[in-house]
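Below: my_file02.cif (mmCIF, C-alpha atoms)
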data_upload
#
loop_
_atom_site.label_atom_id
_atom_site.label_comp_id
_atom_site.auth_asym_id
_atom_site.auth_seq_id
_atom_site.Cartn_x
_atom_site.Cartn_y
_atom_site.Cartn_z
CA MET N 1 12.19 0.14 27.37
CA ILE N 2 12.21 -2.61 24.71
CA VAL N 3 8.57 -3.29 25.50
CA ASP N 4 7.72 0.37 25.01
CA VAL N 5 9.46 0.34 21.61
CA ALA N 6 7.56 -2.83 20.66
CA TYR N 7 4.28 -1.14 21.57
CA TYR N 8 5.17 1.92 19.49
CA ILE N 9 6.02 -0.36 16.55
CA ILE N 10 2.57 -1.94 16.90
CA VAL N 11 0.94 1.50 16.92
CA LEU N 12 2.97 2.50 13.85
CA VAL N 13 2.01 -0.66 11.94
CA THR N 14 -1.63 -0.04 12.92
CA LEU N 15 -1.46 3.54 11.66
CA LEU N 16 0.11 2.52 8.35
CA SER N 17 -2.36 -0.32 7.88
CA VAL N 18 -5.36 1.92 8.63
CA VAL N 19 -4.09 4.52 6.15
CA GLY N 20 -3.52 1.78 3.55
CA PHE N 21 -6.99 0.37 4.24
CA VAL N 22 -8.57 3.77 3.65
CA VAL N 23 -6.49 4.64 0.58
CA THR N 24 -6.39 1.39 -1.39
CA LYS N 25 -8.90 0.78 -4.18
CA ASP N 26 -8.58 -3.03 -4.21
CA ILE N 27 -11.01 -4.47 -1.69
CA VAL N 28 -9.11 -7.75 -1.28
CA ARG N 29 -6.03 -5.74 -0.32
CA ALA N 30 -8.22 -3.74 2.08
CA ALA N 31 -9.32 -7.01 3.70
CA GLY N 32 -5.66 -8.05 4.07
CA LEU N 33 -4.79 -4.74 5.70
CA LEU N 34 -7.81 -5.07 7.99
CA LEU N 35 -6.38 -8.45 9.03
CA VAL N 36 -3.11 -6.73 10.01
CA VAL N 37 -5.02 -4.05 11.97
CA LEU N 38 -6.98 -6.70 13.88
CA ALA N 39 -3.79 -8.62 14.68
CA CYS N 40 -2.19 -5.37 15.88
CA VAL N 41 -5.15 -4.78 18.19
CA ALA N 42 -4.76 -8.34 19.52
CA ALA N 43 -1.09 -7.65 20.19
CA ALA N 44 -2.03 -4.40 21.96
CA PHE N 45 -4.48 -6.38 24.14
CA ALA N 46 -1.66 -8.77 25.02
CA PHE N 47 0.57 -5.85 25.97
CA MET N 48 -2.25 -4.56 28.19
CA ASN N 49 -2.06 -7.87 30.09
CA SER N 50 -5.35 -9.10 28.71
CA LEU N 51 -4.42 -12.37 27.03
CA LEU N 52 -8.00 -13.65 27.11
CA LEU N 53 -9.20 -10.76 24.98
CA ALA N 54 -6.18 -11.12 22.69
CA MET N 55 -7.06 -14.74 21.97
CA ILE N 56 -10.75 -13.92 21.47
CA GLN N 57 -9.76 -11.08 19.15
CA LEU N 58 -7.58 -13.39 17.07
CA MET N 59 -10.14 -16.18 16.88
CA VAL N 60 -13.27 -14.12 16.28
CA TYR N 61 -12.04 -11.07 14.36
CA ALA N 62 -8.83 -12.15 12.60
CA GLY N 63 -10.31 -15.60 12.00
CA ALA N 64 -14.06 -15.68 11.52
CA VAL N 65 -14.96 -12.11 10.59
CA ILE N 66 -12.18 -11.78 7.99
CA VAL N 67 -13.30 -15.05 6.39
CA ILE N 68 -16.88 -13.72 6.25
CA PHE N 69 -15.64 -10.53 4.56
CA LEU N 70 -13.54 -12.46 2.06
CA PHE N 71 -16.57 -14.60 1.19
CA GLY N 72 -18.61 -11.42 0.75
CA VAL N 73 -15.97 -9.93 -1.54
CA MET N 74 -15.63 -13.15 -3.50
CA LEU N 75 -19.38 -13.51 -4.06
CA THR N 76 -20.03 -9.88 -5.02
CA ARG N 77 -16.93 -9.04 -7.07
CA ARG N 78 -17.68 -8.07 -10.67
CA GLU N 79 -14.29 -7.20 -12.18
CA ALA N 80 -11.79 -9.85 -13.25
CA PRO N 81 -9.15 -10.77 -10.67
CA THR N 82 -5.62 -9.50 -11.21
CA SER N 83 -3.06 -11.78 -12.80
CA ARG N 84 -0.79 -13.90 -10.64
CA LEU N 85 2.28 -11.89 -11.68
CA ARG N 86 0.73 -8.59 -10.61
CA GLN N 87 -0.46 -10.20 -7.41
CA LEU N 88 3.11 -11.29 -6.62
CA ALA N 89 4.43 -7.84 -7.43
CA SER N 90 1.99 -6.16 -5.06
CA TYR N 91 2.57 -5.86 -1.32
CA GLU N 92 0.03 -8.48 -0.29
CA ASN N 93 2.83 -10.89 0.60
CA LEU N 94 4.28 -8.21 2.86
CA THR N 95 0.88 -7.98 4.56
CA TYR N 96 0.92 -11.68 5.37
CA LEU N 97 4.54 -11.42 6.55
CA VAL N 98 3.58 -8.63 8.97
CA PHE N 99 0.64 -10.74 10.20
CA ALA N 100 2.97 -13.70 10.83
CA ALA N 101 5.41 -11.42 12.72
CA LEU N 102 2.57 -10.12 14.88
CA LEU N 103 1.44 -13.66 15.66
CA PHE N 104 4.99 -14.56 16.64
CA LEU N 105 5.11 -11.49 18.90
CA LEU N 106 1.84 -12.51 20.50
CA ILE N 107 3.08 -16.05 21.16
CA LEU N 108 6.26 -14.61 22.71
CA ARG N 109 4.15 -12.37 24.95
CA ALA N 110 1.92 -15.29 25.97
CA SER N 111 4.93 -17.42 26.84
CA ALA N 112 6.22 -14.68 29.16
CA GLY N 113 3.50 -15.45 31.71
CA LEU N 114 0.99 -13.25 33.48
CA THR N 115 3.26 -10.44 34.67
CA SER N 116 2.49 -7.38 32.61
CA PRO N 117 5.44 -5.84 30.76
CA LEU N 118 3.70 -2.48 30.95
CA GLY N 119 2.72 -2.71 34.62
CA TYR N 120 -1.00 -3.16 34.06
CA ALA N 121 -3.23 -5.16 36.36
CA TYR N 122 -4.04 -8.77 35.51
CA VAL N 123 -7.76 -9.56 35.46
CA SER N 124 -8.28 -13.31 35.67
CA PRO N 125 -10.79 -15.09 33.39
CA GLN N 126 -12.67 -16.22 36.53
CA LEU N 127 -13.35 -12.59 37.43
CA VAL N 128 -14.46 -11.88 33.86
CA ALA N 129 -16.80 -14.89 33.91
CA THR N 130 -18.25 -13.80 37.25
CA SER N 131 -18.83 -10.32 35.94
CA LEU N 132 -20.35 -11.62 32.71
CA TYR N 133 -22.65 -14.29 34.10
CA VAL N 134 -23.57 -12.81 37.50
CA GLN N 135 -23.45 -9.02 37.34
CA LEU N 136 -24.20 -8.58 33.64
CA ARG N 137 -26.45 -11.62 33.31
CA GLY N 138 -29.46 -9.58 32.19
CA VAL N 139 -27.41 -7.88 29.49
CA VAL N 140 -26.13 -11.24 28.21
CA TYR N 141 -29.67 -12.66 28.05
CA ALA N 142 -30.97 -9.56 26.28
CA LEU N 143 -28.11 -9.71 23.79
CA ALA N 144 -28.68 -13.40 23.12
CA ALA N 145 -32.35 -12.67 22.39
CA LEU N 146 -31.43 -9.70 20.20
CA ILE N 147 -28.84 -11.59 18.16
CA GLY N 148 -31.18 -14.55 17.77
CA ALA N 149 -34.02 -12.32 16.64
CA SER N 150 -31.85 -10.49 14.13
CA SER N 151 -30.51 -13.77 12.72
CA ILE N 152 -34.05 -15.13 12.33
CA GLY N 153 -35.07 -11.83 10.73
CA ALA N 154 -32.22 -12.00 8.21
CA ILE N 155 -33.09 -15.59 7.32
CA TYR N 156 -36.76 -14.61 6.96
CA VAL N 157 -35.89 -11.74 4.59
CA VAL N 158 -33.70 -13.97 2.42
CA ARG N 159 -36.26 -16.82 2.28
CA LYS N 160 -39.13 -14.41 1.50
CA GLU N 161 -37.14 -12.94 -1.37
CA LYS N 162 -36.29 -16.41 -2.66
CA LYS N 163 -39.96 -17.44 -2.50
CA GLN N 164 -40.98 -14.33 -4.43
CA SER N 165 -38.38 -14.94 -7.14
CA ASP N 166 -39.45 -18.61 -7.39
CA GLY N 167 -43.11 -17.52 -7.81
CA THR N 168 -42.17 -15.08 -10.56
CA ARG N 169 -40.24 -17.75 -12.39
CA GLY N 170 -43.17 -20.19 -12.12
CA GLY N 171 -45.64 -17.55 -13.44
CA VAL N 172 -43.49 -16.86 -16.48
CA MET O 1 5.69 2.87 30.76
CA ILE O 2 2.92 3.29 28.22
CA THR O 3 0.34 5.74 29.50
CA LEU O 4 -3.41 5.48 29.13
CA GLY O 5 -3.35 8.41 26.71
CA GLU O 6 -1.10 6.52 24.30
CA ILE O 7 -3.51 3.59 24.28
CA VAL O 8 -6.45 5.91 23.70
CA ALA O 9 -4.44 7.39 20.81
CA LEU O 10 -4.38 3.91 19.23
CA SER O 11 -8.13 3.80 19.70
CA GLY O 12 -8.40 7.21 18.05
CA ILE O 13 -6.45 5.99 15.01
CA LEU O 14 -8.82 3.05 14.61
CA PHE O 15 -11.92 5.18 15.09
CA SER O 16 -10.78 7.84 12.61
CA GLY O 17 -9.98 5.24 9.94
CA GLY O 18 -13.31 3.51 10.48
CA VAL O 19 -15.38 6.69 10.31
CA TYR O 20 -13.52 7.91 7.21
CA SER O 21 -14.01 4.55 5.52
CA VAL O 22 -17.73 4.45 6.32
CA LEU O 23 -18.31 8.03 5.16
CA THR O 24 -16.30 7.94 1.93
CA SER O 25 -16.64 4.44 0.50
CA ARG O 26 -19.52 3.40 -1.74
CA ASN O 27 -18.88 -0.33 -1.49
CA ALA O 28 -21.14 -1.90 1.14
CA VAL O 29 -18.56 -4.55 2.12
CA ARG O 30 -15.95 -1.87 2.71
CA MET O 31 -18.43 0.08 4.83
CA LEU O 32 -18.94 -3.02 6.97
CA MET O 33 -15.16 -3.29 7.36
CA GLY O 34 -15.08 0.33 8.55
CA ILE O 35 -17.75 -0.45 11.12
CA GLU O 36 -15.56 -3.28 12.40
CA LEU O 37 -12.72 -0.79 12.84
CA ILE O 38 -15.01 1.42 14.93
CA PHE O 39 -15.98 -1.59 17.08
CA ASN O 40 -12.27 -2.30 17.59
CA ALA O 41 -11.66 1.27 18.72
CA ALA O 42 -14.34 0.84 21.38
CA ASN O 43 -12.84 -2.50 22.45
CA VAL O 44 -9.38 -0.96 22.88
CA ASN O 45 -10.91 1.67 25.16
CA PHE O 46 -12.77 -0.96 27.20
CA VAL O 47 -9.65 -3.08 27.68
CA ALA O 48 -7.44 -0.07 28.43
CA TYR O 49 -9.70 1.18 31.19
CA ALA O 50 -10.21 -2.34 32.57
CA SER O 51 -6.46 -2.93 32.68
CA THR O 52 -5.85 0.43 34.32
CA THR O 53 -8.44 0.01 37.04
CA GLY O 54 -8.18 -3.77 37.45
CA LEU O 55 -11.94 -4.19 37.16
CA ALA O 56 -13.41 -7.09 35.17
CA GLU O 57 -16.44 -5.21 33.86
CA GLY O 58 -14.46 -3.59 31.06
CA LEU O 59 -13.33 -6.95 29.72
CA SER O 60 -16.88 -8.30 29.98
CA LEU O 61 -18.19 -5.38 27.96
CA ALA O 62 -15.41 -5.94 25.40
CA ILE O 63 -16.45 -9.60 25.04
CA ILE O 64 -20.08 -8.52 24.59
CA SER O 65 -18.97 -5.97 22.00
CA ILE O 66 -16.96 -8.60 20.09
CA SER O 67 -19.95 -10.96 19.98
CA ILE O 68 -22.20 -8.15 18.72
CA ALA O 69 -19.63 -7.24 16.05
CA ALA O 70 -19.38 -10.84 14.85
CA ALA O 71 -23.17 -11.13 14.59
CA GLU O 72 -23.35 -7.77 12.85
CA ALA O 73 -20.75 -8.85 10.29
CA ALA O 74 -22.62 -12.08 9.52
CA ILE O 75 -26.00 -10.37 9.15
CA GLY O 76 -24.47 -7.45 7.24
CA ILE O 77 -22.83 -9.74 4.71
CA ALA O 78 -26.14 -11.63 4.31
CA ILE O 79 -27.88 -8.34 3.52
CA VAL O 80 -25.10 -7.34 1.10
CA LEU O 81 -25.39 -10.66 -0.72
CA LEU O 82 -29.15 -10.17 -0.97
CA LEU O 83 -28.64 -6.66 -2.35
CA ASP O 84 -26.15 -8.02 -4.87
CA LYS O 85 -28.68 -10.62 -5.97
CA LEU O 86 -31.47 -8.05 -6.34
CA PHE O 87 -29.64 -5.04 -7.78
CA LYS O 88 -26.54 -6.69 -9.30
CA THR O 89 -24.35 -4.20 -7.44
CA VAL O 90 -23.06 -3.44 -3.95
CA ASP O 91 -22.59 0.26 -4.68
CA VAL O 92 -24.74 1.97 -2.06
CA ASP O 93 -25.25 5.04 -4.26
CA LYS O 94 -27.00 2.93 -6.89
CA ILE O 95 -29.34 1.14 -4.51
CA LYS O 96 -32.42 3.31 -4.12
CA GLU O 97 -34.86 0.84 -2.56
CA LEU O 98 -35.29 2.77 0.71
CA LYS O 99 -35.00 6.27 -0.78
CA GLY O 100 -38.17 8.34 -0.97
#
Rewrite the structure from the file as structure tokens, please.
Amino acid sequence: MIVDVAYYIIVLVTLLSVVGFVVTKDIVRAAGLLLVVLACVAAAFAFMNSLLLAMIQLMVYAGAVIVIFLFGVMLTRREAPTSRLRQLASYENLTYLVFAALLFLLILRASAGLTSPLGYAYVSPQLVATSLYVQLRGVVYALAALIGASSIGAIYVVRKEKKQSDGTRGGV
Amino acid sequence: MITLGEIVALSGILFSGGVYSVLTSRNAVRMLMGIELIFNAANVNFVAYASTTGLAEGLSLAIISISIAAAEAAIGIAIVLLLDKLFKTVDVDKIKELKG
């Protein structure tokens, strides 16, 4: 029963964060709310007895992807940042508090062991690895080639543009 | 006991927010964030069905989806930075390079 209530709280926090993400005008605040949504999804994975995915979600999404977005916002922002006083008065601190609470919840769930509180089946990481590297091996190879090609393409586009701008500067 | 429908409802919330954000925002970074929400909705579905059936393929597909999303975010931000350098804006309505 308590676990059900905890899951509903996670869904409620997700709903509020998604609405806040859609409504807010400040993009830094939107990134903070996205962080809460991603942590909520990680907590939902943990409740679905999939701790491996929860950890991957936290490391890749809530860690790396959010940092990439914050770098993107920082490097493309035109308007002046808000003052420290207004920043303190806003609910960004609440966002980080909710994120910390979700992390605490996730650690509590991980310390409870492998028995699912919701009665879901436990799929071991060995089974996932077997599925990924034996049954879906072709897909993994194709994806690796695709991601490599797109990365090389992006680097090529950026370097070509840089070369063109250097040539223009030299001509002038 | 949380049913599968309630988990799919969580996925629906994420998907709706992501689609709304992609369709209504003009900021390219915010559009990328919306796409990440849509990826997350798909991942929740994958994990929910894998946990319900006990099969590992759902989790494998979720891991593949997460790796694609991470690569997409990195390449997307690189393109946005390039657009910002060229057009001095990330407002997608003002960038008319590919328009006929």
Could you tell me which residues the PyMOL selection byres ((chain O and resi 41) around 10) returns for this structure, as a PyMOL selection string?
-> (chain N and resi 41) or (chain O and resi 8-18+35-40+42-46)
What separation in Å, quoted to one decimal, exists between CA of Arg29 in chain N and CA of Ala43 in chain N?
->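 So the answer is 21.2 Å.
Using only C-alpha atoms, the contacts of range 83-97 of chain O at a cut-off of 6 Å, with sequence neighbours closer than 6 positions omitted, comprise O:Arg26, O:Asn27, O:Ala28.
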Take the PyMOL selection byres ((chain O and resi 49-51) around 8), run it mentally on this structure, and tell me the resulting residues as an mmCIF file with C-alpha atoms, in the coordinates of the input.
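The result, written out as out.cif:
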data_model
loop_
_atom_site.group_PDB
_atom_site.id
_atom_site.type_symbol
_atom_site.label_atom_id
_atom_site.label_comp_id
_atom_site.auth_asym_id
_atom_site.auth_seq_id
_atom_site.Cartn_x
_atom_site.Cartn_y
_atom_site.Cartn_z
ATOM 1 C CA MET N 48 -2.250 -4.560 28.190
ATOM 2 C CA ASN N 49 -2.060 -7.870 30.090
ATOM 3 C CA SER N 50 -5.350 -9.100 28.710
ATOM 4 C CA TYR N 120 -1.000 -3.160 34.060
ATOM 5 C CA ALA N 121 -3.230 -5.160 36.360
ATOM 6 C CA TYR N 122 -4.040 -8.770 35.510
ATOM 7 C CA VAL N 123 -7.760 -9.560 35.460
ATOM 8 C CA LEU O 4 -3.410 5.480 29.130
ATOM 9 C CA ASN O 45 -10.910 1.670 25.160
ATOM 10 C CA PHE O 46 -12.770 -0.960 27.200
ATOM 11 C CA VAL O 47 -9.650 -3.080 27.680
ATOM 12 C CA ALA O 48 -7.440 -0.070 28.430
ATOM 13 C CA THR O 52 -5.850 0.430 34.320
ATOM 14 C CA THR O 53 -8.440 0.010 37.040
ATOM 15 C CA GLY O 54 -8.180 -3.770 37.450
ATOM 16 C CA LEU O 55 -11.940 -4.190 37.160
ATOM 17 C CA ALA O 56 -13.410 -7.090 35.170
ATOM 18 C CA GLU O 57 -16.440 -5.210 33.860
ATOM 19 C CA GLY O 58 -14.460 -3.590 31.060
ATOM 20 C CA LEU O 59 -13.330 -6.950 29.720
#
N:Ala6, N:Leu97, N:Ile107, N:Val73 ranked by distance to chain O, top pick (using only C-alpha atoms) |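 Counting only C-alpha atoms, the residue closest to chain O is N:Val73.
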Picked residues, the PyMOL selection byres ((chain O and resi 68) around 12), expected as a ChimeraX atom specification = /N:60-61,65,139-140,142-148,150-151 /O:35-36,39-40,43,61-67,69-76
Would you mind telling me which residue in N:Leu106, N:Gly63, N:Phe47, N:Leu127 lies nearest to chain O when using all atoms listed in the file?
->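 The shortest atom-to-atom distance to chain O comes from N:Leu127.
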Neighbour list for range 20-24 of chain N as a list in words, cut-off 7 Å, only C-alpha atoms, skip fewer than 4 positions in-chain |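 My list of contacting residues is Leu16, Ala30, Leu33 and Leu34 of chain N; Gly17 and Ser21 of chain O.
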Two-atom distance - CA of Tyr96 in chain N, CA of Val36 in chain N (Å) = 7.9 Å
Report the distance between CA of Ser17 in chain N and CA of Val19 in chain O in Å, rounded to one decimal place.
-> 15.0 Å
